[in-house]
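What follows is the content of coords32.csv (CSV, C-alpha atoms).
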```
chain,number,residue,atom,x,y,z
A,167,MET,CA,-48.8,29.1,-11.1
A,168,SER,CA,-46.8,25.8,-11.1
A,169,SER,CA,-45.3,23.5,-8.6
A,170,CYS,CA,-42.8,20.7,-8.4
A,171,GLN,CA,-44.0,18.1,-5.9
A,172,SER,CA,-41.8,15.6,-4.3
A,173,SER,CA,-44.5,12.9,-4.1
A,174,PHE,CA,-42.3,10.1,-5.3
A,175,SER,CA,-39.2,8.4,-3.8
A,176,THR,CA,-35.6,8.9,-4.6
A,177,CYS,CA,-32.8,6.3,-4.1
A,178,ALA,CA,-29.2,5.3,-4.9
A,179,ARG,CA,-28.5,1.9,-6.4
A,180,SER,CA,-25.7,-0.1,-8.0
A,181,GLU,CA,-26.3,-0.6,-11.7
A,182,GLU,CA,-25.4,-4.0,-12.9
A,183,CYS,CA,-22.4,-3.0,-15.0
A,184,TRP,CA,-18.6,-3.3,-14.8
A,185,CYS,CA,-18.1,0.1,-13.2
A,186,SER,CA,-19.1,-1.0,-9.7
A,187,THR,CA,-17.9,2.3,-8.1
A,188,VAL,CA,-20.4,4.2,-10.1
A,189,GLU,CA,-23.4,5.0,-7.9
A,190,PHE,CA,-26.7,5.5,-9.8
A,191,HIS,CA,-29.3,7.8,-8.3
A,192,GLU,CA,-32.9,7.6,-9.3
A,193,MET,CA,-35.8,9.9,-8.7
A,194,GLU,CA,-39.4,10.6,-9.8
A,195,ARG,CA,-41.0,14.0,-9.6
A,196,THR,CA,-44.4,15.4,-10.5
A,197,TRP,CA,-44.8,18.9,-11.9
A,198,ASN,CA,-48.3,20.5,-11.9
A,199,ILE,CA,-48.5,23.3,-14.4
A,200,ASP,CA,-51.5,25.4,-13.4
A,201,ASP,CA,-53.5,27.9,-15.4
A,202,PHE,CA,-52.4,26.4,-18.7
A,203,SER,CA,-54.7,28.5,-20.8
A,204,VAL,CA,-53.1,31.7,-19.4
A,205,LEU,CA,-49.6,30.4,-20.1
A,206,GLU,CA,-50.7,29.6,-23.6
A,207,GLN,CA,-51.7,33.1,-24.2
A,208,GLU,CA,-48.6,34.7,-22.7
A,209,ASP,CA,-46.4,32.4,-24.7
A,210,GLU,CA,-43.6,32.4,-22.2
A,211,THR,CA,-41.2,29.7,-21.1
A,212,ILE,CA,-41.7,28.7,-17.5
A,213,SER,CA,-39.4,26.8,-15.2
A,214,SER,CA,-40.1,24.3,-12.4
A,215,SER,CA,-38.6,24.8,-9.0
A,216,LEU,CA,-35.2,23.3,-8.4
A,217,PHE,CA,-35.1,19.6,-7.3
A,218,SER,CA,-32.4,17.1,-6.5
A,219,ALA,CA,-32.1,13.5,-5.4
A,220,ASP,CA,-32.2,12.7,-1.7
A,221,SER,CA,-29.2,10.4,-2.2
A,222,ASN,CA,-27.1,13.0,-4.1
A,223,ASP,CA,-27.5,16.8,-3.5
A,224,ASN,CA,-24.5,17.8,-5.7
A,225,PHE,CA,-26.7,18.4,-8.7
A,226,LYS,CA,-29.7,20.7,-8.9
A,227,TRP,CA,-32.1,20.2,-11.7
A,228,TYR,CA,-35.2,22.0,-13.2
A,229,LEU,CA,-37.5,21.7,-16.1
A,230,ASP,CA,-38.2,24.3,-18.8
A,231,PHE,CA,-41.6,24.2,-20.5
A,232,GLU,CA,-42.6,26.2,-23.6
A,233,PRO,CA,-46.4,26.1,-24.1
A,234,GLU,CA,-46.0,27.5,-27.7
A,235,CYS,CA,-43.2,26.4,-30.0
A,236,VAL,CA,-42.8,25.0,-33.5
A,237,GLY,CA,-41.7,21.4,-33.3
A,238,TYR,CA,-39.6,19.4,-35.6
A,239,SER,CA,-42.7,18.4,-37.6
A,240,GLY,CA,-43.5,22.0,-38.2
A,241,LYS,CA,-46.8,21.8,-36.2
A,242,ASN,CA,-47.7,23.8,-33.2
A,243,THR,CA,-46.4,21.8,-30.2
A,244,MET,CA,-45.1,22.2,-26.7
A,245,CYS,CA,-41.4,21.8,-25.8
A,246,LEU,CA,-40.0,20.3,-22.6
A,247,TYR,CA,-36.4,20.3,-21.5
A,248,LEU,CA,-34.4,19.0,-18.5
A,249,CYS,CA,-31.8,21.5,-17.3
A,250,LEU,CA,-28.8,21.3,-14.9
A,251,SER,CA,-28.5,24.4,-12.8
A,252,LYS,CA,-25.0,25.9,-13.1
A,253,GLU,CA,-25.5,28.3,-10.2
A,254,HIS,CA,-26.7,25.7,-7.6
A,255,SER,CA,-24.8,22.6,-8.6
A,256,THR,CA,-21.7,21.9,-6.6
A,257,ARG,CA,-20.2,19.4,-9.2
A,258,LYS,CA,-19.6,19.9,-12.9
A,259,ARG,CA,-20.1,16.7,-14.9
A,260,VAL,CA,-22.9,14.2,-14.7
A,261,PHE,CA,-24.5,11.6,-16.9
A,262,ALA,CA,-28.2,11.3,-16.9
A,263,LYS,CA,-31.0,9.5,-18.8
A,264,PHE,CA,-34.6,10.6,-18.3
A,265,GLY,CA,-38.2,10.4,-19.4
A,266,PHE,CA,-41.6,12.0,-19.0
A,267,SER,CA,-45.2,11.0,-18.9
A,268,ILE,CA,-48.4,13.0,-18.8
A,269,LEU,CA,-51.3,12.3,-16.5
A,270,SER,CA,-54.6,12.1,-18.3
A,271,ASN,CA,-57.9,13.2,-16.9
A,272,ASP,CA,-58.8,9.7,-15.9
A,273,GLY,CA,-55.7,9.4,-13.7
A,274,HIS,CA,-53.5,7.2,-16.1
A,275,SER,CA,-50.0,8.2,-17.2
A,276,GLU,CA,-49.7,8.2,-21.0
A,277,ASN,CA,-47.3,9.3,-23.7
A,278,ASN,CA,-44.0,8.2,-22.2
A,279,PHE,CA,-41.0,9.9,-23.7
A,280,THR,CA,-37.5,8.3,-23.0
A,281,VAL,CA,-34.0,8.6,-24.3
A,282,GLY,CA,-33.5,4.9,-24.2
A,283,PHE,CA,-30.3,3.4,-22.9
A,284,LYS,CA,-28.1,6.3,-23.9
A,285,TYR,CA,-26.9,8.6,-21.2
A,286,HIS,CA,-26.5,12.3,-22.0
A,287,GLU,CA,-23.6,14.2,-20.4
A,288,PHE,CA,-24.5,17.4,-18.6
A,289,ASN,CA,-21.7,19.8,-17.9
A,290,SER,CA,-22.4,22.9,-15.8
A,291,GLU,CA,-19.4,24.7,-17.5
A,292,SER,CA,-20.9,24.5,-21.0
A,293,ASP,CA,-22.9,27.3,-22.5
A,294,VAL,CA,-26.0,25.2,-23.2
A,295,ASP,CA,-26.6,22.5,-20.7
A,296,VAL,CA,-30.1,21.1,-21.5
A,297,GLU,CA,-31.6,18.1,-23.1
A,298,GLY,CA,-35.2,17.4,-24.0
A,299,TRP,CA,-37.9,17.4,-26.7
A,300,GLY,CA,-38.6,20.2,-29.1
A,301,ASN,CA,-41.7,18.2,-30.2
A,302,PHE,CA,-43.0,17.1,-26.8
A,303,LEU,CA,-46.7,17.0,-27.6
A,304,SER,CA,-48.9,18.4,-30.3
A,305,LYS,CA,-51.6,20.8,-29.1
A,306,ASP,CA,-55.1,20.2,-30.4
A,307,ASP,CA,-58.6,19.6,-29.1
A,308,THR,CA,-57.8,16.0,-28.2
A,309,PHE,CA,-54.9,17.2,-26.0
A,310,LYS,CA,-57.0,19.7,-24.2
A,311,ASN,CA,-59.9,17.3,-23.6
A,312,LYS,CA,-57.6,14.5,-22.5
A,313,PHE,CA,-54.8,16.0,-20.5
A,314,LEU,CA,-56.0,19.3,-19.0
A,315,LYS,CA,-57.9,18.8,-15.8
A,316,ASN,CA,-59.1,22.0,-14.2
A,317,ASP,CA,-56.7,23.8,-16.6
A,318,THR,CA,-53.8,22.0,-15.1
A,319,LEU,CA,-51.2,19.9,-16.9
A,320,THR,CA,-49.5,17.2,-14.8
A,321,ILE,CA,-46.1,15.9,-15.9
A,322,THR,CA,-44.3,13.1,-14.2
A,323,PHE,CA,-40.5,13.2,-14.6
A,324,TYR,CA,-38.1,10.2,-14.3
A,325,LEU,CA,-34.4,10.6,-13.9
A,326,THR,CA,-31.4,8.3,-13.4
A,327,PHE,CA,-27.9,9.8,-13.2
A,328,PHE,CA,-24.3,9.1,-12.1
A,329,GLU,CA,-21.1,11.0,-11.6
A,330,ILE,CA,-17.6,10.0,-12.9
A,331,ASN,CA,-14.5,11.3,-11.1
A,332,ASP,CA,-11.9,9.7,-13.3
A,333,LYS,CA,-11.2,12.2,-16.1
A,334,SER,CA,-10.9,9.5,-18.7
A,335,MET,CA,-14.2,7.8,-17.9
A,336,PRO,CA,-16.7,10.3,-19.3
A,337,GLU,CA,-15.3,9.7,-22.8
A,338,ILE,CA,-15.7,6.0,-22.3
A,339,PHE,CA,-19.2,6.2,-21.0
A,340,SER,CA,-20.3,8.6,-23.7
A,341,ARG,CA,-19.3,6.1,-26.4
A,342,CYS,CA,-20.3,2.8,-24.8
A,343,ASN,CA,-23.6,0.9,-25.1
A,344,ILE,CA,-24.8,0.8,-21.5
A,345,ALA,CA,-27.5,-1.8,-22.5
A,346,HIS,CA,-24.8,-4.2,-23.7
A,347,PHE,CA,-22.8,-3.9,-20.5
A,348,GLN,CA,-26.0,-4.5,-18.4
A,349,HIS,CA,-26.8,-7.6,-20.4
A,350,LEU,CA,-23.2,-8.8,-20.1
A,351,SER,CA,-23.3,-8.2,-16.4
A,352,LYS,CA,-26.5,-10.3,-16.0
A,353,ASN,CA,-24.9,-13.1,-18.0
A,354,LEU,CA,-21.8,-13.1,-15.7
A,355,LYS,CA,-24.0,-13.1,-12.7
A,356,SER,CA,-25.8,-16.1,-14.1
A,357,ALA,CA,-22.5,-17.9,-14.8
A,358,PHE,CA,-21.5,-17.3,-11.2
A,359,GLU,CA,-24.7,-18.7,-9.8
A,360,ASN,CA,-25.2,-21.6,-12.2
A,361,ARG,CA,-21.5,-22.6,-12.6
A,362,ASP,CA,-21.9,-23.1,-16.4
A,363,PHE,CA,-18.7,-24.0,-18.4
A,364,THR,CA,-16.4,-23.7,-15.4
A,365,ASP,CA,-12.7,-24.8,-15.8
A,366,PHE,CA,-11.1,-24.2,-12.4
A,367,THR,CA,-11.9,-24.9,-8.8
A,368,ILE,CA,-11.1,-22.9,-5.6
A,369,SER,CA,-11.3,-24.8,-2.4
A,370,VAL,CA,-11.8,-22.9,0.9
A,371,GLU,CA,-12.5,-24.6,4.2
A,372,GLY,CA,-13.7,-27.7,2.4
A,373,LYS,CA,-16.1,-25.7,0.1
A,374,GLU,CA,-15.5,-26.1,-3.6
A,375,TYR,CA,-16.0,-23.1,-5.9
A,376,PRO,CA,-16.3,-24.0,-9.6
A,377,VAL,CA,-15.1,-20.8,-11.5
A,378,HIS,CA,-13.8,-19.6,-14.8
A,379,LYS,CA,-10.1,-18.9,-15.4
A,380,ILE,CA,-10.6,-16.1,-17.9
A,381,ILE,CA,-12.9,-14.2,-15.5
A,382,LEU,CA,-10.6,-14.6,-12.5
A,383,ALA,CA,-7.6,-13.6,-14.6
A,384,SER,CA,-9.3,-10.5,-16.0
A,385,CYS,CA,-9.9,-9.1,-12.5
A,386,SER,CA,-7.1,-10.5,-10.3
A,387,ASP,CA,-3.4,-10.3,-11.0
A,388,TYR,CA,-2.9,-13.0,-8.5
A,389,PHE,CA,-4.9,-15.5,-10.6
A,390,ALA,CA,-3.6,-14.1,-13.8
A,391,THR,CA,0.0,-14.8,-12.7
A,392,MET,CA,-1.0,-18.3,-11.5
A,393,PHE,CA,-2.5,-19.2,-14.9
A,394,LYS,CA,0.2,-17.6,-17.0
A,395,THR,CA,3.3,-19.0,-15.3
A,396,GLY,CA,2.3,-22.7,-15.4
A,397,MET,CA,2.1,-23.1,-11.6
A,398,LYS,CA,1.0,-26.5,-10.3
A,399,GLU,CA,-2.5,-25.1,-9.5
A,400,SER,CA,-3.0,-24.1,-13.1
A,401,ALA,CA,-2.0,-27.5,-14.4
A,402,GLU,CA,-4.3,-29.2,-11.9
A,403,ASN,CA,-7.1,-26.7,-12.4
A,404,ARG,CA,-7.5,-26.4,-8.6
A,405,VAL,CA,-6.2,-24.3,-5.8
A,406,VAL,CA,-6.6,-24.6,-2.0
A,407,ILE,CA,-6.8,-21.2,-0.2
A,408,THR,CA,-6.0,-21.6,3.5
A,409,ASP,CA,-5.8,-18.0,4.7
A,410,VAL,CA,-9.3,-16.7,3.5
A,411,ASP,CA,-12.5,-18.0,5.1
A,412,GLU,CA,-15.6,-19.1,3.3
A,413,ALA,CA,-17.7,-16.0,3.9
A,414,VAL,CA,-14.9,-13.7,2.6
A,415,MET,CA,-14.3,-15.9,-0.5
A,416,ASP,CA,-18.0,-15.7,-1.2
A,417,GLU,CA,-17.8,-11.9,-1.3
A,418,VAL,CA,-14.6,-11.9,-3.4
A,419,LEU,CA,-16.1,-14.1,-6.1
A,420,ARG,CA,-19.4,-12.2,-6.1
A,421,PHE,CA,-17.4,-9.0,-6.6
A,422,ILE,CA,-15.4,-10.5,-9.4
A,423,TYR,CA,-18.5,-11.7,-11.3
A,424,THR,CA,-21.0,-8.9,-10.5
A,425,GLY,CA,-19.0,-5.9,-9.1
A,426,LYS,CA,-21.0,-5.9,-5.9
A,427,CYS,CA,-20.1,-6.1,-2.2
A,428,GLU,CA,-23.3,-6.9,-0.4
A,429,ASN,CA,-21.7,-7.5,3.0
A,430,ILE,CA,-18.9,-5.0,3.0
A,431,ASP,CA,-20.2,-3.3,6.1
A,432,TYR,CA,-19.1,-6.1,8.5
A,433,LEU,CA,-16.5,-7.8,6.3
A,434,ALA,CA,-14.5,-4.8,5.2
A,435,TYR,CA,-11.4,-5.7,7.3
A,436,ASP,CA,-11.2,-9.2,6.0
A,437,LEU,CA,-12.2,-8.2,2.5
A,438,LEU,CA,-9.4,-5.6,2.4
A,439,ALA,CA,-6.9,-8.4,3.3
A,440,ALA,CA,-8.3,-10.7,0.6
A,441,ALA,CA,-8.3,-7.9,-2.0
A,442,ASP,CA,-4.6,-7.3,-1.2
A,443,LYS,CA,-3.8,-11.0,-1.4
A,444,PHE,CA,-5.6,-11.5,-4.7
A,445,ASP,CA,-4.5,-8.1,-6.1
A,446,ILE,CA,-7.9,-6.8,-6.9
A,447,GLY,CA,-7.3,-3.1,-6.8
A,448,HIS,CA,-10.9,-2.0,-7.3
A,449,LEU,CA,-12.2,-4.1,-4.4
A,450,LYS,CA,-9.3,-2.9,-2.2
A,451,LYS,CA,-10.2,0.7,-2.8
A,452,ILE,CA,-13.8,0.1,-1.9
A,453,CYS,CA,-12.8,-1.7,1.3
A,454,GLU,CA,-10.4,1.2,2.2
A,455,ASP,CA,-13.3,3.7,1.9
A,456,SER,CA,-15.6,1.5,4.0
A,457,VAL,CA,-13.0,1.1,6.7
A,458,TYR,CA,-12.3,4.8,6.8
A,459,LYS,CA,-15.9,5.6,7.2
A,460,SER,CA,-16.0,3.6,10.4
A,461,LEU,CA,-12.7,5.1,11.8
A,462,SER,CA,-12.9,6.1,15.4
A,463,VAL,CA,-10.7,6.8,18.5
A,464,ASP,CA,-11.3,3.2,19.6
A,465,ASN,CA,-10.3,1.4,16.4
A,466,ALA,CA,-7.7,3.9,14.9
A,467,LEU,CA,-4.7,1.9,16.0
A,468,ASN,CA,-6.0,-1.4,14.6
A,469,VAL,CA,-6.9,0.3,11.3
A,470,LEU,CA,-3.4,1.8,11.1
A,471,ILE,CA,-1.9,-1.7,11.5
A,472,LEU,CA,-4.3,-3.2,9.0
A,473,ALA,CA,-3.6,-0.5,6.4
A,474,ASP,CA,0.2,-0.9,6.9
A,475,ARG,CA,0.1,-4.7,6.7
A,476,HIS,CA,-1.9,-4.7,3.4
A,477,ASN,CA,-0.3,-1.7,1.6
A,478,ALA,CA,-3.4,0.4,1.8
A,479,ASN,CA,-1.4,3.6,1.6
A,480,GLU,CA,-4.2,6.1,1.3
A,481,LEU,CA,-6.1,4.6,4.2
A,482,LYS,CA,-2.9,4.5,6.2
A,483,SER,CA,-2.1,8.2,5.6
A,484,LYS,CA,-5.7,9.3,6.5
A,485,THR,CA,-5.6,7.2,9.7
A,486,ILE,CA,-2.3,8.8,10.7
A,487,ASP,CA,-3.8,12.2,10.2
A,488,PHE,CA,-6.8,11.2,12.3
A,489,ILE,CA,-4.5,9.9,15.1
A,490,VAL,CA,-2.6,13.2,15.1
A,491,ASP,CA,-5.8,15.3,15.1
A,492,GLU,CA,-7.2,13.2,17.9
A,493,SER,CA,-3.9,12.7,19.7
A,494,SER,CA,-5.1,13.7,23.1
A,495,GLU,CA,-7.6,10.8,23.2
A,496,VAL,CA,-5.8,8.2,21.1
A,497,MET,CA,-2.4,8.5,22.7
A,498,ASN,CA,-3.8,8.6,26.2
A,499,SER,CA,-5.8,5.4,25.7
A,500,THR,CA,-4.7,2.2,27.6
A,501,SER,CA,-3.9,0.4,24.4
A,502,TRP,CA,-1.6,3.1,22.9
A,503,ASN,CA,1.7,2.0,24.6
A,504,GLU,CA,0.9,-1.7,24.4
A,505,ILE,CA,0.2,-1.6,20.6
A,506,MET,CA,2.7,1.0,19.5
A,507,LEU,CA,5.6,-0.8,21.4
A,508,LYS,CA,5.0,-3.7,19.0
A,509,HIS,CA,5.1,-1.4,16.0
A,510,PRO,CA,7.9,1.1,16.5
A,511,ARG,CA,8.1,2.0,12.8
A,512,LEU,CA,4.4,3.0,12.8
A,513,LEU,CA,5.0,5.0,16.0
A,514,ASN,CA,7.8,6.9,14.4
A,515,GLU,CA,5.6,7.7,11.4
A,516,VAL,CA,2.9,9.1,13.6
A,517,LYS,CA,5.5,11.2,15.5
A,518,GLU,CA,6.9,12.5,12.3
A,519,ARG,CA,3.5,13.5,11.0
A,520,ALA,CA,2.7,15.2,14.3
A,521,GLY,CA,6.0,17.0,14.2
A,522,SER,CA,5.4,18.4,10.7
A,523,SER,CA,1.8,19.5,11.4
```
Any chance you could give the structure as structure tokens?
Amino acid sequence: MSSCQSSFSTCARSEECWCSTVEFHEMERTWNIDDFSVLEQEDETISSSLFSADSNDNFKWYLDFEPECVGYSGKNTMCLYLCLSKEHSTRKRVFAKFGFSILSNDGHSENNFTVGFKYHEFNSESDVDVEGWGNFLSKDDTFKNKFLKNDTLTITFYLTFFEINDKSMPEIFSRCNIAHFQHLSKNLKSAFENRDFTDFTISVEGKEYPVHKIILASCSDYFATMFKTGMKESAENRVVITDVDEAVMDEVLRFIYTGKCENIDYLAYDLLAAADKFDIGHLKKICEDSVYKSLSVDNALNVLILADRHNANELKSKTIDFIVDESSEVMNSTSWNEIMLKHPRLLNEVKERAGSS
């Protein structure tokens, strides 16, 4: 009777907001509700098939459609709701904003319904976990002539959602004005690109970076300490960085201003070192995750040394576990003795972990 077609793309993207670890997932789906006149007579709620984003399969969604209901206006209308499946979702809490459009007989999408910038929290543990419209569209002759083609109603559904793991963050996001943060993020990106109102300069390999003290201090304890304690660099409004190269500094500043790491895949090692130097915890965590994803028998020892050198404790612990699990290959490699002899403390930590497992 009805079908949910995956005729549109899904993707994951980074929203321009302060919370750069939040991954936004977008999707579009089309639902063809066939035999509408029969549904209208039966007056029963129907549900679409389950669907999920290709980029995030933790949440399973479906639509509920009521062909006969009394809307908020008191007139005979249809009702449409987005629902999170409790039975099939593997995670509990998610924030989503969504909208619908109806395909008219001439092939154009009309009557867009959106929630605006406000995200609704879905929680699979709650008794009622739906959001939608109790006054989706009034039913009259105009509706039937304009939107029913071969007795089929075609609805296009748009969804953007994100997860929050930190227990304190859902309350923050449920209160905040997302549009404001998006606008603020765009302004910071513009300030980074145009160098408006800068009051400090960072020099790396002869390249000068005009920057803003307040923005650097808000993200980096290294710079905050420099500006607060009256160091020479603060008085001169200039600092020369000698142990970070230009490409890495570009990424560090882009992250500070926009929350994005565009080249982390091949700069993760150097960015981890820079994040540790500048005391940017958020960036450091992202780099640790990126390095861990590329962990292998061939690079495990180098990753262990990197993590130890830059106080990346979680990465270090996971790397030791990996070395223990893959001990037959790692410890029999030609580089094992050569590298570990230079790092006896790390060797002892690996042996201790192996002995306790």
Å distance separating CA of Gln207 (chain A) from CA of Phe309 (chain A), one decimal place: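 Separation between CA of Gln207 (chain A) and CA of Phe309 (chain A): 16.3 Å.
Checking A:Asp431, A:Asp491, A:Asp220, A:Asp409 one by one against Arg195 (chain A), counting only C-alpha atoms, you find the shortest gap at A:Asp220.
Reported to one decimal place, the separation of CA of Met392 (chain A) from CA of Asp365 (chain A) is 14.1 Å.
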Å distance separating CA of Asp464 (chain A) from CA of Ile486 (chain A), one decimal place: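 Going from CA of Asp464 (chain A) over to CA of Ile486 (chain A), I get 13.8 Å.
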Pick from A:Cys245, A:Met193, A:Leu470, A:Ala440 nearest to Asp223 (chain A), counting only C-alpha atoms: A:Met193
Nearby residues (all atoms listed in the file) at most 8 Å from region 386-391 of chain A, same-chain spacing under 2 positions excluded, as a list in words: Lys379, Leu382, Ala383, Ser384, Phe393, Lys394, Thr395, Lys443, Phe444, Asp445 and Ile446 of chain A
Export of the given selection (C-alpha atoms) as a JSON list (two decimals), keeping the file's coordinate frame:
```
[["chain", "number", "residue", "atom", "x", "y", "z"],
["A", 379, "LYS", "CA", -10.10, -18.90, -15.40],
["A", 382, "LEU", "CA", -10.60, -14.60, -12.50],
["A", 383, "ALA", "CA", -7.60, -13.60, -14.60],
["A", 384, "SER", "CA", -9.30, -10.50, -16.00],
["A", 393, "PHE", "CA", -2.50, -19.20, -14.90],
["A", 394, "LYS", "CA", 0.20, -17.60, -17.00],
["A", 395, "THR", "CA", 3.30, -19.00, -15.30],
["A", 443, "LYS", "CA", -3.80, -11.00, -1.40],
["A", 444, "PHE", "CA", -5.60, -11.50, -4.70],
["A", 445, "ASP", "CA", -4.50, -8.10, -6.10],
["A", 446, "ILE", "CA", -7.90, -6.80, -6.90]]
```
Residues near Asn429 (chain A), cut-off 10 Å, only C-alpha atoms, skip fewer than 2 positions along chain, as a PDB file with C-alpha atoms, in the frame of the given file:
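Result file follows (around_19.pdb):
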```
ATOM      1  CA  ALA A 413     -17.700 -16.000   3.900  1.00  0.00           C
ATOM      2  CA  VAL A 414     -14.900 -13.700   2.600  1.00  0.00           C
ATOM      3  CA  ASP A 416     -18.000 -15.700  -1.200  1.00  0.00           C
ATOM      4  CA  GLU A 417     -17.800 -11.900  -1.300  1.00  0.00           C
ATOM      5  CA  LYS A 426     -21.000  -5.900  -5.900  1.00  0.00           C
ATOM      6  CA  CYS A 427     -20.100  -6.100  -2.200  1.00  0.00           C
ATOM      7  CA  ASP A 431     -20.200  -3.300   6.100  1.00  0.00           C
ATOM      8  CA  TYR A 432     -19.100  -6.100   8.500  1.00  0.00           C
ATOM      9  CA  LEU A 433     -16.500  -7.800   6.300  1.00  0.00           C
ATOM     10  CA  ALA A 434     -14.500  -4.800   5.200  1.00  0.00           C
ATOM     11  CA  LEU A 437     -12.200  -8.200   2.500  1.00  0.00           C
TER      12      LEU A 437
END
```
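Candidate residues A:His448, A:Val406, A:Ala441, A:Leu467 were compared for distance to Asn503 (chain A), and the nearest is A:Leu467, using all atoms listed in the file.
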Contacts of Val405 (chain A) at 7 Å (all atoms listed in the file; same-chain gap of 6+ positions) as a list in words: Thr367, Ile368, Ser369 and Glu399 of chain A
Sel. within 7 Å of pt (-15.0, -0.2, 7.6), counting only C-alpha atoms, output as a PyMOL selection string: chain A and resi 431+434-435+453+456-460
Could those selected residues go to a file with C-alpha atoms, as an mmCIF file, in the coordinates of the input?
```cif
data_model
loop_
_atom_site.group_PDB
_atom_site.id
_atom_site.type_symbol
_atom_site.label_atom_id
_atom_site.label_comp_id
_atom_site.auth_asym_id
_atom_site.auth_seq_id
_atom_site.Cartn_x
_atom_site.Cartn_y
_atom_site.Cartn_z
ATOM 1 C CA ASP A 431 -20.200 -3.300 6.100
ATOM 2 C CA ALA A 434 -14.500 -4.800 5.200
ATOM 3 C CA TYR A 435 -11.400 -5.700 7.300
ATOM 4 C CA CYS A 453 -12.800 -1.700 1.300
ATOM 5 C CA SER A 456 -15.600 1.500 4.000
ATOM 6 C CA VAL A 457 -13.000 1.100 6.700
ATOM 7 C CA TYR A 458 -12.300 4.800 6.800
ATOM 8 C CA LYS A 459 -15.900 5.600 7.200
ATOM 9 C CA SER A 460 -16.000 3.600 10.400
#
```
Kindly assemble as a Markdown table a list of the region 409-488 of chain A residues that lie within 12 Å of region 352-360 of chain A, each paired with its nearest atom pair and their distance in Å to one decimal, using all atoms listed in the file, sorted first by chain and then by ascending residue number.
```
| residue | atom | partner | partner_atom | distance |
| --- | --- | --- | --- | --- |
| A:Asp416 | CA | A:Phe358 | CA | 10.7 |
| A:Glu417 | CA | A:Phe358 | CA | 11.9 |
| A:Val418 | CA | A:Phe358 | CA | 11.7 |
| A:Leu419 | CA | A:Phe358 | CA | 8.1 |
| A:Arg420 | CA | A:Phe358 | CA | 7.5 |
| A:Phe421 | CA | A:Lys355 | CA | 9.9 |
| A:Ile422 | CA | A:Phe358 | CA | 9.3 |
| A:Tyr423 | CA | A:Leu354 | CA | 5.7 |
| A:Thr424 | CA | A:Lys355 | CA | 5.6 |
| A:Gly425 | CA | A:Lys355 | CA | 9.5 |
| A:Lys426 | CA | A:Lys355 | CA | 10.3 |
```
Output C-alpha atoms for every residue in that selection, as a compact mmCIF listing (two decimals), keeping the file's coordinate frame.
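File result.txt, as written:
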```
# COMPACT_ATOMS: atom_id res chain seq x y z
CA ASP A 416 -18.00 -15.70 -1.20
CA GLU A 417 -17.80 -11.90 -1.30
CA VAL A 418 -14.60 -11.90 -3.40
CA LEU A 419 -16.10 -14.10 -6.10
CA ARG A 420 -19.40 -12.20 -6.10
CA PHE A 421 -17.40 -9.00 -6.60
CA ILE A 422 -15.40 -10.50 -9.40
CA TYR A 423 -18.50 -11.70 -11.30
CA THR A 424 -21.00 -8.90 -10.50
CA GLY A 425 -19.00 -5.90 -9.10
CA LYS A 426 -21.00 -5.90 -5.90
```
Using the block above, I'd like region 367-396 of chain A written out, keeping C-alpha atoms and formatting it as a JSON list (two decimals), in the first residue's frame.
```
[["chain", "number", "residue", "atom", "x", "y", "z"],
["A", 367, "THR", "CA", 50.77, 38.30, 15.38],
["A", 368, "ILE", "CA", 52.07, 34.73, 15.28],
["A", 369, "SER", "CA", 55.20, 34.18, 13.20],
["A", 370, "VAL", "CA", 55.93, 30.68, 11.86],
["A", 371, "GLU", "CA", 58.71, 29.97, 9.36],
["A", 372, "GLY", "CA", 58.61, 33.58, 8.22],
["A", 373, "LYS", "CA", 54.84, 33.62, 7.71],
["A", 374, "GLU", "CA", 52.91, 36.18, 9.73],
["A", 375, "TYR", "CA", 49.47, 35.33, 11.12],
["A", 376, "PRO", "CA", 47.44, 38.35, 12.31],
["A", 377, "VAL", "CA", 45.10, 37.00, 15.00],
["A", 378, "HIS", "CA", 42.87, 38.05, 17.91],
["A", 379, "LYS", "CA", 44.02, 37.64, 21.50],
["A", 380, "ILE", "CA", 40.55, 37.08, 22.90],
["A", 381, "ILE", "CA", 39.82, 34.24, 20.48],
["A", 382, "LEU", "CA", 43.16, 32.52, 21.03],
["A", 383, "ALA", "CA", 42.88, 32.83, 24.81],
["A", 384, "SER", "CA", 39.35, 31.42, 24.83],
["A", 385, "CYS", "CA", 40.51, 28.20, 23.12],
["A", 386, "SER", "CA", 44.11, 27.76, 24.21],
["A", 387, "ASP", "CA", 45.44, 27.77, 27.78],
["A", 388, "TYR", "CA", 48.91, 28.30, 26.31],
["A", 389, "PHE", "CA", 47.92, 31.66, 24.84],
["A", 390, "ALA", "CA", 45.68, 32.55, 27.79],
["A", 391, "THR", "CA", 48.63, 32.17, 30.14],
["A", 392, "MET", "CA", 50.85, 34.17, 27.79],
["A", 393, "PHE", "CA", 48.42, 37.09, 27.72],
["A", 394, "LYS", "CA", 47.51, 37.04, 31.41],
["A", 395, "THR", "CA", 50.99, 36.84, 32.91],
["A", 396, "GLY", "CA", 52.52, 39.79, 31.09]]
```
